[in-house]
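Q: Enclosed is the structure file my_file16.csv (CSV, C-alpha atoms).
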chain,number,residue,atom,x,y,z
W,1,MET,CA,-41.3,-41.2,-24.8
W,2,SER,CA,-45.1,-41.3,-25.2
W,3,LYS,CA,-46.3,-44.2,-27.3
W,4,LYS,CA,-49.0,-41.9,-28.8
W,5,TYR,CA,-48.4,-40.5,-32.3
W,6,THR,CA,-48.3,-36.7,-32.8
W,7,ALA,CA,-48.2,-34.6,-35.9
W,8,ASP,CA,-45.4,-32.3,-34.5
W,9,LEU,CA,-42.9,-33.2,-37.2
W,10,LYS,CA,-45.0,-31.5,-39.9
W,11,THR,CA,-44.8,-28.1,-38.1
W,12,THR,CA,-41.0,-27.6,-38.1
W,13,GLY,CA,-39.4,-30.7,-39.6
W,14,ALA,CA,-36.0,-31.8,-38.3
W,15,VAL,CA,-34.4,-28.3,-38.3
W,16,LEU,CA,-31.0,-29.8,-37.6
W,17,GLU,CA,-29.1,-26.7,-38.6
W,18,ASP,CA,-31.2,-24.5,-36.3
W,19,SER,CA,-31.0,-27.0,-33.4
W,20,HIS,CA,-27.2,-27.3,-33.8
W,21,ARG,CA,-26.8,-23.5,-33.7
W,22,ILE,CA,-29.0,-23.0,-30.7
W,23,LEU,CA,-27.6,-25.9,-28.6
W,24,LYS,CA,-24.0,-24.7,-29.2
W,25,ARG,CA,-25.0,-21.2,-28.2
W,26,LEU,CA,-26.7,-22.5,-25.1
W,27,TYR,CA,-23.6,-24.5,-24.1
W,28,HIS,CA,-21.5,-21.3,-24.2
W,29,LEU,CA,-24.2,-19.1,-22.5
W,30,LYS,CA,-24.7,-21.7,-19.7
W,31,SER,CA,-28.2,-20.4,-19.2
W,32,ILE,CA,-31.6,-21.3,-20.8
W,33,SER,CA,-33.1,-18.0,-19.7
W,34,THR,CA,-30.3,-16.0,-21.2
W,35,LEU,CA,-30.6,-18.0,-24.4
W,36,GLU,CA,-34.3,-17.4,-24.6
W,37,LYS,CA,-33.8,-13.6,-24.1
W,38,GLU,CA,-31.1,-13.5,-26.8
W,39,LEU,CA,-33.2,-15.8,-29.1
W,40,PHE,CA,-35.9,-13.2,-29.5
W,41,GLU,CA,-34.0,-10.0,-29.1
W,42,ASN,CA,-31.2,-11.0,-31.6
W,43,ASN,CA,-33.3,-13.4,-33.7
W,44,LEU,CA,-30.7,-16.2,-33.3
W,45,LEU,CA,-32.8,-18.5,-35.5
W,46,LEU,CA,-32.9,-15.9,-38.3
W,47,LYS,CA,-36.6,-16.4,-38.9
W,48,ALA,CA,-39.1,-14.0,-40.5
W,49,SER,CA,-41.6,-14.0,-37.6
W,50,LYS,CA,-41.9,-14.4,-33.9
W,51,ARG,CA,-44.4,-17.2,-34.5
W,52,ARG,CA,-41.8,-19.2,-36.5
W,53,ILE,CA,-39.2,-18.6,-33.8
W,54,GLU,CA,-41.6,-19.9,-31.1
W,55,ASN,CA,-42.4,-23.0,-33.2
W,56,VAL,CA,-38.8,-24.0,-33.9
W,57,TYR,CA,-37.6,-23.3,-30.4
W,58,GLY,CA,-40.6,-25.2,-29.0
W,59,SER,CA,-39.5,-28.2,-31.0
W,60,ILE,CA,-35.9,-27.8,-29.8
W,61,LYS,CA,-36.9,-27.6,-26.2
W,62,LYS,CA,-39.2,-30.7,-26.5
W,63,ARG,CA,-36.5,-32.8,-28.3
W,64,TYR,CA,-33.4,-31.8,-26.4
W,65,LEU,CA,-34.0,-29.8,-23.2
W,66,LEU,CA,-36.8,-31.4,-21.2
W,67,ASP,CA,-34.4,-32.7,-18.6
W,68,ALA,CA,-31.7,-30.0,-19.0
W,69,ASN,CA,-32.7,-28.5,-15.6
W,70,ASP,CA,-31.5,-31.7,-13.9
W,71,PHE,CA,-27.9,-30.8,-14.9
W,72,ASP,CA,-25.5,-27.9,-14.7
W,73,ILE,CA,-25.7,-26.8,-18.3
W,74,SER,CA,-22.0,-27.0,-18.7
W,75,GLU,CA,-22.2,-30.7,-17.8
W,76,TYR,CA,-25.3,-31.7,-19.8
W,77,PRO,CA,-24.1,-34.7,-21.8
W,78,LEU,CA,-26.0,-33.8,-25.0
W,79,LEU,CA,-24.7,-30.2,-25.1
W,80,LEU,CA,-21.2,-31.4,-24.3
W,81,ALA,CA,-21.4,-33.9,-27.2
W,82,VAL,CA,-22.9,-31.4,-29.7
W,83,ASP,CA,-20.3,-28.8,-28.9
W,84,HIS,CA,-17.3,-31.1,-29.2
W,85,MET,CA,-18.3,-33.5,-32.0
W,86,SER,CA,-18.0,-32.7,-35.7
W,87,LYS,CA,-21.1,-31.2,-37.2
W,88,GLU,CA,-21.9,-34.5,-39.0
W,89,GLU,CA,-21.6,-36.5,-35.7
W,90,ALA,CA,-23.7,-33.9,-33.9
W,91,PHE,CA,-26.4,-34.2,-36.5
W,92,PHE,CA,-26.6,-37.9,-35.9
W,93,ILE,CA,-27.0,-37.3,-32.2
W,94,LEU,CA,-29.7,-34.7,-32.8
W,95,TYR,CA,-31.5,-37.1,-35.1
W,96,TYR,CA,-31.4,-39.8,-32.5
W,97,HIS,CA,-33.0,-37.5,-29.9
W,98,ILE,CA,-35.7,-36.4,-32.5
W,99,CYS,CA,-36.6,-40.1,-32.9
W,100,LEU,CA,-36.7,-40.6,-29.1
W,101,SER,CA,-39.1,-37.7,-28.8
W,102,ASP,CA,-41.4,-38.7,-31.7
W,103,GLN,CA,-42.8,-42.2,-31.6
W,104,LEU,CA,-44.2,-41.8,-35.2
W,105,LEU,CA,-40.8,-41.1,-36.6
W,106,TYR,CA,-39.2,-43.8,-34.5
W,107,ASP,CA,-41.6,-46.5,-35.7
W,108,PHE,CA,-41.4,-45.4,-39.3
W,109,VAL,CA,-37.6,-45.9,-39.3
W,110,VAL,CA,-37.6,-49.1,-37.3
W,111,ASP,CA,-40.6,-50.8,-38.9
W,112,ILE,CA,-40.3,-49.5,-42.5
W,113,VAL,CA,-37.0,-48.0,-43.4
W,114,PHE,CA,-34.7,-50.4,-41.6
W,115,PRO,CA,-36.3,-53.6,-43.0
W,116,ARG,CA,-36.2,-52.1,-46.6
W,117,TYR,CA,-32.5,-51.2,-46.2
W,118,ILE,CA,-31.5,-54.6,-44.8
W,119,LYS,CA,-33.5,-56.5,-47.4
W,120,GLY,CA,-31.7,-54.6,-50.2
W,121,PHE,CA,-34.5,-52.3,-51.5
W,122,LEU,CA,-33.1,-49.3,-53.4
W,123,GLY,CA,-34.7,-46.7,-51.1
W,124,VAL,CA,-37.9,-45.4,-49.5
W,125,SER,CA,-40.2,-42.8,-50.9
W,126,ASN,CA,-43.5,-41.0,-50.2
W,127,SER,CA,-45.5,-44.1,-51.1
W,128,GLU,CA,-43.9,-46.0,-48.2
W,129,SER,CA,-44.5,-43.2,-45.8
W,130,GLU,CA,-48.1,-42.8,-47.0
W,131,ASN,CA,-48.8,-46.5,-46.5
W,132,PHE,CA,-47.2,-46.4,-43.1
W,133,LEU,CA,-49.4,-43.5,-42.0
W,134,LEU,CA,-52.6,-45.1,-43.4
W,135,SER,CA,-51.8,-48.5,-41.7
W,136,SER,CA,-51.0,-46.7,-38.4
W,137,SER,CA,-54.3,-44.9,-38.4
W,138,THR,CA,-56.1,-48.1,-37.9
W,139,THR,CA,-54.4,-48.8,-34.6
W,140,HIS,CA,-53.7,-45.3,-33.3
W,141,GLU,CA,-56.9,-43.7,-32.2
W,142,GLU,CA,-55.2,-40.3,-31.9
W,143,MET,CA,-54.7,-40.2,-35.7
W,144,LYS,CA,-58.4,-40.5,-36.6
W,145,ASN,CA,-59.1,-36.7,-36.4
W,146,TRP,CA,-56.1,-35.7,-38.4
W,147,SER,CA,-56.9,-33.8,-41.6
W,148,GLU,CA,-55.9,-34.8,-45.1
W,149,ARG,CA,-53.4,-32.0,-45.1
W,150,THR,CA,-51.8,-33.3,-41.9
W,151,TYR,CA,-51.3,-36.7,-43.5
W,152,ARG,CA,-49.9,-35.1,-46.6
W,153,ASP,CA,-47.5,-32.9,-44.7
W,154,LEU,CA,-46.3,-35.8,-42.5
W,155,LYS,CA,-45.9,-38.1,-45.5
W,156,SER,CA,-43.4,-35.6,-46.8
W,157,ALA,CA,-41.8,-34.7,-43.4
W,158,LEU,CA,-40.9,-38.3,-42.7
W,159,ILE,CA,-38.9,-38.6,-46.0
W,160,THR,CA,-37.3,-35.1,-45.4
W,161,VAL,CA,-35.8,-36.3,-42.1
W,162,LEU,CA,-34.1,-39.1,-43.9
W,163,LEU,CA,-32.8,-36.7,-46.6
W,164,GLU,CA,-31.5,-34.3,-44.0
W,165,ILE,CA,-29.6,-36.9,-42.0
W,166,GLY,CA,-28.1,-38.3,-45.2
W,167,PHE,CA,-29.8,-41.7,-45.4
W,168,LEU,CA,-31.3,-40.9,-48.8
W,169,LYS,CA,-29.6,-39.2,-51.8
W,170,ASN,CA,-32.3,-36.7,-52.8
W,171,ARG,CA,-36.0,-36.3,-53.0
W,172,ARG,CA,-36.2,-36.8,-56.8
W,173,ASN,CA,-34.2,-40.0,-56.5
W,174,PRO,CA,-34.9,-41.3,-52.9
W,175,VAL,CA,-32.5,-44.2,-52.9
W,176,PHE,CA,-30.3,-45.2,-50.0
W,177,GLU,CA,-26.7,-43.9,-49.8
W,178,GLU,CA,-24.4,-46.8,-50.6
W,179,ALA,CA,-22.2,-46.3,-47.5
W,180,LEU,CA,-23.9,-45.3,-44.3
W,181,TYR,CA,-21.4,-44.9,-41.5
W,182,ILE,CA,-21.5,-43.6,-37.9
W,183,SER,CA,-18.3,-42.9,-35.9
W,184,ASN,CA,-17.1,-44.7,-32.8
W,185,ARG,CA,-18.0,-41.5,-30.9
W,186,VAL,CA,-21.6,-41.6,-32.1
W,187,PHE,CA,-21.9,-45.4,-31.5
W,188,GLY,CA,-20.4,-45.0,-28.1
W,189,TYR,CA,-22.9,-42.2,-27.2
W,190,LEU,CA,-25.7,-44.6,-28.1
W,191,ILE,CA,-24.2,-47.4,-26.0
W,192,TYR,CA,-23.6,-45.2,-23.0
W,193,PHE,CA,-27.0,-43.5,-23.3
W,194,ASN,CA,-28.6,-47.0,-23.0
W,195,LYS,CA,-26.0,-48.5,-20.6
W,196,ASP,CA,-28.6,-49.4,-18.0
W,197,SER,CA,-30.5,-51.6,-20.5
W,198,ILE,CA,-27.5,-52.9,-22.6
W,199,LEU,CA,-25.7,-55.2,-20.3
W,200,THR,CA,-24.8,-58.0,-22.7
W,201,LEU,CA,-24.1,-58.5,-26.4
W,202,GLU,CA,-27.5,-60.0,-26.8
W,203,ASP,CA,-29.1,-56.8,-25.3
W,204,LEU,CA,-27.1,-54.8,-27.9
W,205,TYR,CA,-28.2,-57.0,-30.8
W,206,SER,CA,-31.9,-56.9,-29.9
W,207,HIS,CA,-32.0,-53.1,-29.1
W,208,ASN,CA,-34.2,-51.3,-31.6
W,209,ASP,CA,-32.5,-47.9,-31.2
W,210,PHE,CA,-29.6,-49.1,-33.4
W,211,LYS,CA,-32.1,-49.7,-36.2
W,212,LEU,CA,-32.5,-46.0,-36.3
W,213,PHE,CA,-29.0,-45.9,-37.8
W,214,LEU,CA,-29.8,-48.9,-40.1
W,215,GLN,CA,-27.4,-51.1,-38.3
W,216,ASP,CA,-27.9,-54.9,-38.4
W,217,LYS,CA,-26.3,-57.4,-36.0
W,218,GLN,CA,-23.1,-57.7,-38.0
W,219,GLN,CA,-22.5,-53.9,-38.1
W,220,ARG,CA,-23.1,-53.7,-34.3
W,221,LYS,CA,-20.7,-56.6,-33.7
W,222,LEU,CA,-18.0,-54.8,-35.7
W,223,MET,CA,-18.5,-51.5,-33.9
W,224,ILE,CA,-18.7,-52.9,-30.4
W,225,LYS,CA,-15.3,-54.6,-31.1
W,226,GLU,CA,-13.9,-51.3,-32.2
W,227,LEU,CA,-15.1,-49.8,-28.9
W,228,GLU,CA,-13.4,-52.6,-27.0
W,229,ASN,CA,-10.2,-52.0,-29.0
W,230,SER,CA,-10.5,-48.3,-28.0
W,231,GLY,CA,-10.7,-49.3,-24.4
W,232,ILE,CA,-14.0,-47.7,-23.6
W,233,ILE,CA,-15.8,-51.0,-22.9
W,234,HIS,CA,-14.7,-54.5,-22.1
W,235,LEU,CA,-16.4,-57.7,-23.2
W,236,GLU,CA,-16.4,-60.4,-20.5
W,237,GLU,CA,-17.0,-63.9,-21.7
W,238,GLN,CA,-19.5,-65.7,-19.5
W,239,LYS,CA,-22.7,-67.7,-20.2
W,240,GLU,CA,-23.7,-64.5,-21.9
W,241,THR,CA,-21.0,-62.0,-23.0
W,242,MET,CA,-21.2,-59.1,-20.6
W,243,ILE,CA,-20.5,-55.5,-21.5
W,244,ASN,CA,-18.4,-53.8,-18.8
W,245,TYR,CA,-18.3,-50.0,-19.2
W,246,LYS,CA,-15.1,-48.1,-18.5
W,247,PHE,CA,-17.0,-44.9,-17.6
W,248,PRO,CA,-19.8,-44.7,-15.0
W,249,SER,CA,-22.1,-42.4,-17.1
W,250,LEU,CA,-22.8,-40.9,-20.5
W,251,LYS,CA,-21.4,-37.6,-19.2
W,252,GLU,CA,-18.1,-39.2,-18.3
W,253,PHE,CA,-17.9,-41.0,-21.7
W,254,VAL,CA,-18.3,-37.6,-23.4
W,255,VAL,CA,-15.9,-35.8,-21.2
W,256,GLN,CA,-13.2,-38.6,-21.2
W,257,TYR,CA,-13.6,-40.0,-24.7
W,258,VAL,CA,-15.2,-37.4,-26.9
W,259,ILE,CA,-13.7,-34.3,-25.4
W,260,GLY,CA,-10.5,-36.1,-24.4
W,261,GLU,CA,-9.8,-36.9,-28.0
W,262,ASP,CA,-10.2,-33.3,-29.2
Step by step, read the file and then write its structure as structure tokens.
A:
Amino acid sequence: MSKKYTADLKTTGAVLEDSHRILKRLYHLKSISTLEKELFENNLLLKASKRRIENVYGSIKKRYLLDANDFDISEYPLLLAVDHMSKEEAFFILYYHICLSDQLLYDFVVDIVFPRYIKGFLGVSNSESENFLLSSSTTHEEMKNWSERTYRDLKSALITVLLEIGFLKNRRNPVFEEALYISNRVFGYLIYFNKDSILTLEDLYSHNDFKLFLQDKQQRKLMIKELENSGIIHLEEQKETMINYKFPSLKEFVVQYVIGED
């Protein structure tokens, strides 16, 4: 992920429904070229113009398919997960990859949303996103030429992502949902996605990606124990508590645990 901020999010937003539909269709077609032909000929995205189709599909490609050519489509871990998880679980996975592709959104959630949630603030609103953007503009040179409209659209877009993923109740009353929960399958996906850098419990507790799901140390501790009880990792007590992974890769986790449960 580039550390530079972009204004991409204002163009299409999260488009979770569209992304879910297109990625599931791609999984069954097994071909990006066939998908792209069908996308425009049959208007899979149900958009009013070719321009809108191009914009939304461009966001989908950037967020989810940049390394798809490195895999047989039928074995691409993200597509396997999206096709076999519940819609709610799949949306969490899609949200995660949006954050990984957009440093602006990633930093907003990690630096602003997560601390407010953990400290007991009621929610997060346009004023927090506006302050974040203004503060960021002093340290990110790439933001200096953005128009007032770009700032205004992004201020709203950041909050909209939180609404669509279910972290906030509604735009009129942007308070945090009381019970935010991700399943073992989603948590396991995050662990296995980062298995090369999460080797110990301390690695897990210091990893910022879990803040994207508003998880503090205690929540991570509970969930890693659930994964151990499920047999998909093993915690080995040494000077540091090592995490031993049952499966060699994210793909094997999805195939053996996610699909294996279905």
Q: Residues around (-36.6, -37.7, -51.4), cut-off 9 Å, counting all atoms listed in the file - what are they as a ChimeraX atom specification?
A: /W:124-126,156,159-160,162-163,168-175
Q: Taking (-14.1, -33.9, -27.6) in the file's own coordinates, collect the residues within 9 Å, counting only C-alpha atoms, and hand them back as a list in words.
A: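 Residues satisfying the cut-off, written out: Leu80, Ala81, Asp83, His84, Met85, Val254, Val255, Gln256, Tyr257, Val258, Ile259, Gly260, Glu261 and Asp262 of chain W.
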Q: Find the residues near segment 139-152 of chain W: any atom within 8 Å, counting only C-alpha atoms, skip ones fewer than 5 places away on the same chain, and give them as a list in words.
A: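 Within the cut-off, the hits are Lys4, Tyr5, Thr6, Ala7, Lys10, Glu130 and Leu133 of chain W.
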Q: Between atom CA of Ala157 of chain W and atom CA of Phe210 of chain W, what is the spacing in Å?
A: 21.4 Å
Q: Could you state the separation of atom CA of Val186 of chain W and atom CA of Glu89 of chain W in Å, given to one decimal place?
A: 6.2 Å
Q: Measure the distance from atom CA of Arg63 of chain W to atom CA of Pro248 of chain W in Å and round it to one decimal.
A: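 That distance, rounded to one decimal, is 24.4 Å.
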Q: I want to know what sits within 12 Å of Tyr76 of chain W, based on all atoms listed in the file, with residues of the same chain fewer than 3 positions away left out; could you give that as an MDAnalysis selection string?
A: chainID W and resid 23:24 26:28 30:31 64:73 79:83 249:252 254:255
Q: Check the smallest atom-to-atom distance from each of W:Ile93, W:Leu204, W:Ile224, W:Ile53 to Glu41 of chain W using all atoms listed in the file, then report the winner.
A: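 Among the listed residues, W:Ile53 lies closest to Glu41 of chain W.
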Q: List the spatial neighbours of Asn184 of chain W as a list in words - criterion: any atom at most 12 Å away, all atoms listed in the file, same-chain residues fewer than 4 positions off excluded.
A: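 Contacts, with the query itself left out: Met85, Glu89, Gly188, Tyr189, Leu190, Ile191, Tyr192, Gln219, Arg220, Leu222, Met223, Ile224, Lys225, Glu226, Leu227, Glu228, Asn229, Ser230, Gly231, Ile232, Ile233, Phe253, Val254, Tyr257, Val258 and Glu261 of chain W.
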Q: Compare W:Leu212, W:Leu235, W:Leu180, W:Met242 by their minimum atom-to-atom distance to Leu100 of chain W, counting all atoms listed in the file, and give me the closest one.
A: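 The closest residue to Leu100 of chain W is W:Leu212.
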Q: Could you list, as an NGL selection string, every residue within 12 Å of Val15 of chain W, counting all atoms listed in the file and ignoring same-chain residues fewer than 6 positions away?
A: :W and (9 or 21-22 or 45 or 52-53 or 55-60 or 63 or 91 or 94-95 or 98 or 157 or 160-161 or 163-165)
Q: Restricting the calculation to all atoms listed in the file, which member of W:Ser74, W:Gln238, W:Ser137, W:Ser183 is positioned closest to Ile32 of chain W?
A: W:Ser74
Q: Which residues, written as an MDAnalysis selection string, have at least one atom at most 10 Å from Pro115 of chain W, with only C-alpha atoms counted and residues fewer than 5 positions away on the same chain left out?
A: chainID W and resid 109:110 120:121 211 214 216
Q: Keeping only C-alpha atoms, take the residues you just selected and write them out as a PDB file, in the frame of the given file.
A:
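So the final result, stored in out.pdb, reads:
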ATOM      1  CA  VAL W 109     -37.600 -45.900 -39.300  1.00  0.00           C
ATOM      2  CA  VAL W 110     -37.600 -49.100 -37.300  1.00  0.00           C
ATOM      3  CA  GLY W 120     -31.700 -54.600 -50.200  1.00  0.00           C
ATOM      4  CA  PHE W 121     -34.500 -52.300 -51.500  1.00  0.00           C
ATOM      5  CA  LYS W 211     -32.100 -49.700 -36.200  1.00  0.00           C
ATOM      6  CA  LEU W 214     -29.800 -48.900 -40.100  1.00  0.00           C
ATOM      7  CA  ASP W 216     -27.900 -54.900 -38.400  1.00  0.00           C
TER       8      ASP W 216
END
Q: Compare W:Lys3, W:Asn208, W:Phe40, W:Glu17 by their minimum atom-to-atom distance to Asp111 of chain W, counting all atoms listed in the file, and give me the closest one.
A: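 So, comparing all the options, the nearest one is W:Asn208.
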Q: Pick out the closest residue to Lys47 of chain W from this set: W:Phe92, W:Asp209, W:Asp18, W:Lys119. Count only C-alpha atoms.
A: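 When distances to Lys47 of chain W are compared using only C-alpha atoms, the smallest one comes from W:Asp18.
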